[in-house]
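**Q** Below is the structure I would like to discuss, written out as structure tokens.
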Amino acid sequence: MHRIIRIPPEKGEEIREKAVVEKFLDTTRKIRRIQTEESTFLEIPVTEAAGEKVGDFPVTEQEYPEFLEKTGSMKEYLKGSLSETELSQVPSGWHILGDIIIVSIPDTLESKKIQIAKALLSMYPKCKSVVRDFGIEGQFRQPKRELLLGTSTETIHKEHGCFFKQDVTKVMYSKGNLEERKKMSKLGKGEVVVDMFAGIGYFSIPVAVHAHPEKIISIEINPESFAYLKENIRLNHVEAIITPILGDCSQAAPEGEADRVIMGYVGTTHHYLETAIKSLKISGGILHYHETVPENLARTRPEERIKKAARCLGKKVEILTTRRIKKYSPGVLHVVVDARIFE
Ligand SMILES: C[S@@+](CC[C@H](N)C(=O)[O-])C[C@H]1O[C@@H](n2cnc3c(N)ncnc32)[C@H](O)[C@@H]1O
């Protein structure tokens, strides 16, 4: 278990010092600053020695640990087999999904990739495979990845009390969307929810597990993601809540049924706005609309697109919030707009 305490930023220095002096700071993981809509806090990684509480702050399990390069260990391990120049280029970060290490390696170290993978596996003996990451592409949001060491690329990642089985070379998993997934898991009690871009169940599963909706219709176009969606529905025991549909949501989305529609896809999401609005009950409902947008248009373009689609269908819009999920690329933000659509 990876333990953390969540504390207000102003307590950061005091608690970090206490953790160092009392020897319960876990120096293998990063101290992270987390910003949610409600608050900002620090996640301090701690060891078992912290016990159950540090002052007023309970010790809890971290769902998405981020590891620091152990001081010198990657470089130390590779000393002798890599030149000084190569050593200066070895990756300084990676992330771990389930028991698989995912790492970006520069092209200049192509001939050393297996040595790098071996170094990582020796640093994390509980992990079974190392996969090289080249980014995400296409409508199916498929990652380009290469298995470097190990035999399997399939794993089960646990997050926020939910299990996500996936093959890391076939489907993406965005750690930047973690807070949004948690936020969504509180919404939808007693409602009919349509998840138009369900993937392996990134939003559908936490909503089904935590929010007690009446029903979720989860649509996914990519057969490989769809197979994992069905498996994750079983793993999380939410068969009675989620109806998975393999298909293009522009054709497969139901009409006039939903209280809430989740549009967790970026790129051309606005093309699906009219479908999403038609999916809501005639009396209306809530849209969660994702868009990647240049920073200077983040406050205007997504809202305008929703209003335009609603106007075409004779509906009205109340914008509830626009929030930033993460920086998507230089100068471009991934944002979500929550909007109420009504007659
Ligand atoms: C990968 S998810 C987005 C990531 C997610 N929001 C997260 O928290 O990590 C988007 C999914 O939408 C699917 N998709 C793209 N176009 C679609 C369409 N027209 N109908 C249904 N699914 C679609 C893709 O295959 C992909 O699995």
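Residue numbering restarts at 1 for every chain of the structure tokens, chains are lettered A, B, ... in their displayed order, and ligands are numbered from 1 as they appear.
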Could you list, as a list in words, all residues that come within 6 Å of ligand 1? Count only C-alpha atoms and all ligand atoms.
**A**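 What falls inside 6 Å of ligand 1 is Gln139, Phe140, Arg141, Met172, Tyr173, Ser174, Asn177, Met196, Phe197, Ala198, Gly199, Tyr202, Ile219, Glu220, Ile221, Asn222, Ser225, Gly247, Asp248, Cys249, Ser250, Gly264 and Tyr265 of chain A.
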**Q** A:Lys183: which residues within 12 Å, counting only C-alpha atoms, same-chain residues fewer than 3 positions away excluded, as a PyMOL selection string?
**A** chain A and resi 36-38+160+177-180+186-188+203+206-207+210-211+288+323+325+336+338
**Q** Looking at only C-alpha atoms, which of A:Val194, A:Ile245, A:Ala339, A:Leu229 is the one that sits closest to A:Thr275?
**A** A:Val194
**Q** Need the shell around A:Ile286: protein/DNA/RNA residues with any atom at most 7 Å away, counting only C-alpha atoms. Skip same-chain ones fewer than 5 positions apart. Format as a list in words?
**A**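 Everything that qualifies: Asp259, Arg260, Val261, Asp338, Ala339, Arg340 and Ile341 of chain A.
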**Q** Write the residues of the preceding selection, restricted to N, CA and C atoms, as a CSV table (one decimal), in the first residue's frame.
**A**
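After the write, result32.csv holds the following:
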```csv
chain,number,residue,atom,x,y,z
A,259,ASP,N,-30.7,11.9,-17.8
A,259,ASP,CA,-30.7,13.1,-16.9
A,259,ASP,C,-29.3,13.8,-17.0
A,260,ARG,N,-28.3,13.0,-17.5
A,260,ARG,CA,-26.9,13.5,-17.4
A,260,ARG,C,-26.2,12.8,-18.6
A,261,VAL,N,-25.4,13.6,-19.3
A,261,VAL,CA,-24.6,13.0,-20.4
A,261,VAL,C,-23.1,13.4,-20.2
A,338,ASP,N,-19.7,22.1,-17.4
A,338,ASP,CA,-20.9,21.5,-16.9
A,338,ASP,C,-22.0,22.5,-17.3
A,339,ALA,N,-23.0,22.0,-18.0
A,339,ALA,CA,-24.1,22.9,-18.5
A,339,ALA,C,-25.4,22.3,-18.3
A,340,ARG,N,-26.4,23.1,-17.8
A,340,ARG,CA,-27.8,22.6,-17.7
A,340,ARG,C,-28.5,23.0,-19.0
A,341,ILE,N,-29.2,22.0,-19.6
A,341,ILE,CA,-29.9,22.3,-20.8
A,341,ILE,C,-31.4,22.2,-20.4
```
**Q** One number please: atom CA of A:Ala309 to atom CA of A:Thr322, in Å, one decimal.
**A**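 Straight-line distance from atom CA of A:Ala309 to atom CA of A:Thr322 works out to 17.2 Å.
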**Q** List the neighbours of stretch 70-86 of chain A out to 12 Å using only C-alpha atoms; skip same-chain residues closer than 3 positions along the sequence, and give me the result as a ChimeraX atom specification.
**A** /A:26-30,66-67,89-94,105-124
**Q** Go ahead and save the residues from that selection, with C-alpha atoms, as a PDB file, in the first residue's frame.
**A**
```
ATOM      1  CA  ASP A  26       8.575   8.134   1.856  1.00  0.00           C
ATOM      2  CA  THR A  27      11.378   9.535  -0.283  1.00  0.00           C
ATOM      3  CA  THR A  28      10.627   7.217  -3.232  1.00  0.00           C
ATOM      4  CA  ARG A  29       7.487   9.153  -4.178  1.00  0.00           C
ATOM      5  CA  LYS A  30       6.786  12.739  -5.174  1.00  0.00           C
ATOM      6  CA  GLU A  66       4.202   8.967  -8.747  1.00  0.00           C
ATOM      7  CA  PHE A  67       7.737   7.835  -8.105  1.00  0.00           C
ATOM      8  CA  GLN A  89      19.772  11.498 -20.983  1.00  0.00           C
ATOM      9  CA  VAL A  90      18.244   8.605 -19.018  1.00  0.00           C
ATOM     10  CA  PRO A  91      14.623   9.254 -18.029  1.00  0.00           C
ATOM     11  CA  SER A  92      14.091  11.017 -14.724  1.00  0.00           C
ATOM     12  CA  GLY A  93      10.437   9.978 -14.327  1.00  0.00           C
ATOM     13  CA  TRP A  94       8.004   7.197 -15.243  1.00  0.00           C
ATOM     14  CA  ILE A 105      12.947   6.976 -23.558  1.00  0.00           C
ATOM     15  CA  PRO A 106      14.603   9.412 -25.975  1.00  0.00           C
ATOM     16  CA  ASP A 107      15.506   8.080 -29.469  1.00  0.00           C
ATOM     17  CA  THR A 108      19.162   8.708 -28.695  1.00  0.00           C
ATOM     18  CA  LEU A 109      18.989   5.849 -26.155  1.00  0.00           C
ATOM     19  CA  GLU A 110      17.305   3.355 -28.541  1.00  0.00           C
ATOM     20  CA  SER A 111      20.208   0.892 -28.261  1.00  0.00           C
ATOM     21  CA  LYS A 112      20.130   1.111 -24.437  1.00  0.00           C
ATOM     22  CA  LYS A 113      16.369   0.694 -23.926  1.00  0.00           C
ATOM     23  CA  ILE A 114      16.607  -2.857 -22.577  1.00  0.00           C
ATOM     24  CA  GLN A 115      19.288  -1.886 -20.052  1.00  0.00           C
ATOM     25  CA  ILE A 116      17.058   0.985 -18.915  1.00  0.00           C
ATOM     26  CA  ALA A 117      14.086  -1.389 -18.584  1.00  0.00           C
ATOM     27  CA  LYS A 118      16.204  -3.824 -16.548  1.00  0.00           C
ATOM     28  CA  ALA A 119      17.268  -0.990 -14.240  1.00  0.00           C
ATOM     29  CA  LEU A 120      13.614  -0.052 -13.678  1.00  0.00           C
ATOM     30  CA  LEU A 121      12.529  -3.613 -12.944  1.00  0.00           C
ATOM     31  CA  SER A 122      15.327  -3.986 -10.432  1.00  0.00           C
ATOM     32  CA  MET A 123      14.179  -0.772  -8.750  1.00  0.00           C
ATOM     33  CA  TYR A 124      10.543  -1.958  -8.542  1.00  0.00           C
TER      34      TYR A 124
END
```
**Q** Within 8 Å of A:Phe164, counting only C-alpha atoms, which residues qualify if same-chain residues fewer than 3 places away don't, as a ChimeraX atom specification?
**A** /A:156-159,200-202,232
**Q** Could you give me, as a PyMOL selection string, the residues within 9 Å of A:Thr169, counting only C-alpha atoms and dropping anything in the same chain fewer than 4 positions from it?
**A** chain A and resi 131+133+142-147+153-154
**Q** Excluding A:Cys312 and residues on its chain fewer than 6 positions from it, collect all residues at most 12 Å away from it, counting only C-alpha atoms, and give them as a PyMOL selection string.
**A** chain A and resi 273-275+277-278+305-306
**Q** Could you tell me which of A:Thr60, A:Ser283, A:Gln166, A:Thr155 comes closest to A:Glu343 if we count only C-alpha atoms?
**A**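 Counting only C-alpha atoms, the residue closest to A:Glu343 is A:Ser283.
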**Q** Just list as a ChimeraX atom specification whatever in stretch 120-290 of chain A DSSP marks as alpha helix (DSSP H).
**A** /A:120-123,178-184,204-210,223-235,249-252,273-279
**Q** Just the number, please: distance in Å from atom CA of A:Cys162 to atom CA of A:Asn236, one decimal.
**A**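 Separation of atom CA of A:Cys162 and atom CA of A:Asn236: 6.5 Å.
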**Q** Taking into account only C-alpha atoms, which residue in the set A:Val130, A:Ile233, A:Val193, A:Ala50 is nearest to A:Gly256?
**A**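 Under the stated criterion, the closest residue is A:Val193.
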**Q** Between atom CA of A:His212 and atom CA of A:Lys189, what distance in Å does the model show, to one decimal?
**A** 5.0 Å
**Q** Which of these residues is nearest to A:Ala208, using only C-alpha atoms: A:Glu52, A:Glu255, A:Glu61, A:Glu191?
**A**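 Nearest to A:Ala208: A:Glu191.
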**Q** Got a sec to tell me which of stretch 215-330 of chain A DSSP assigns to strand (DSSP E or B), as an MDAnalysis selection string?
**A** chainID A and resid 215:220 242:246 258 260:263 280:281 284:294 316:329
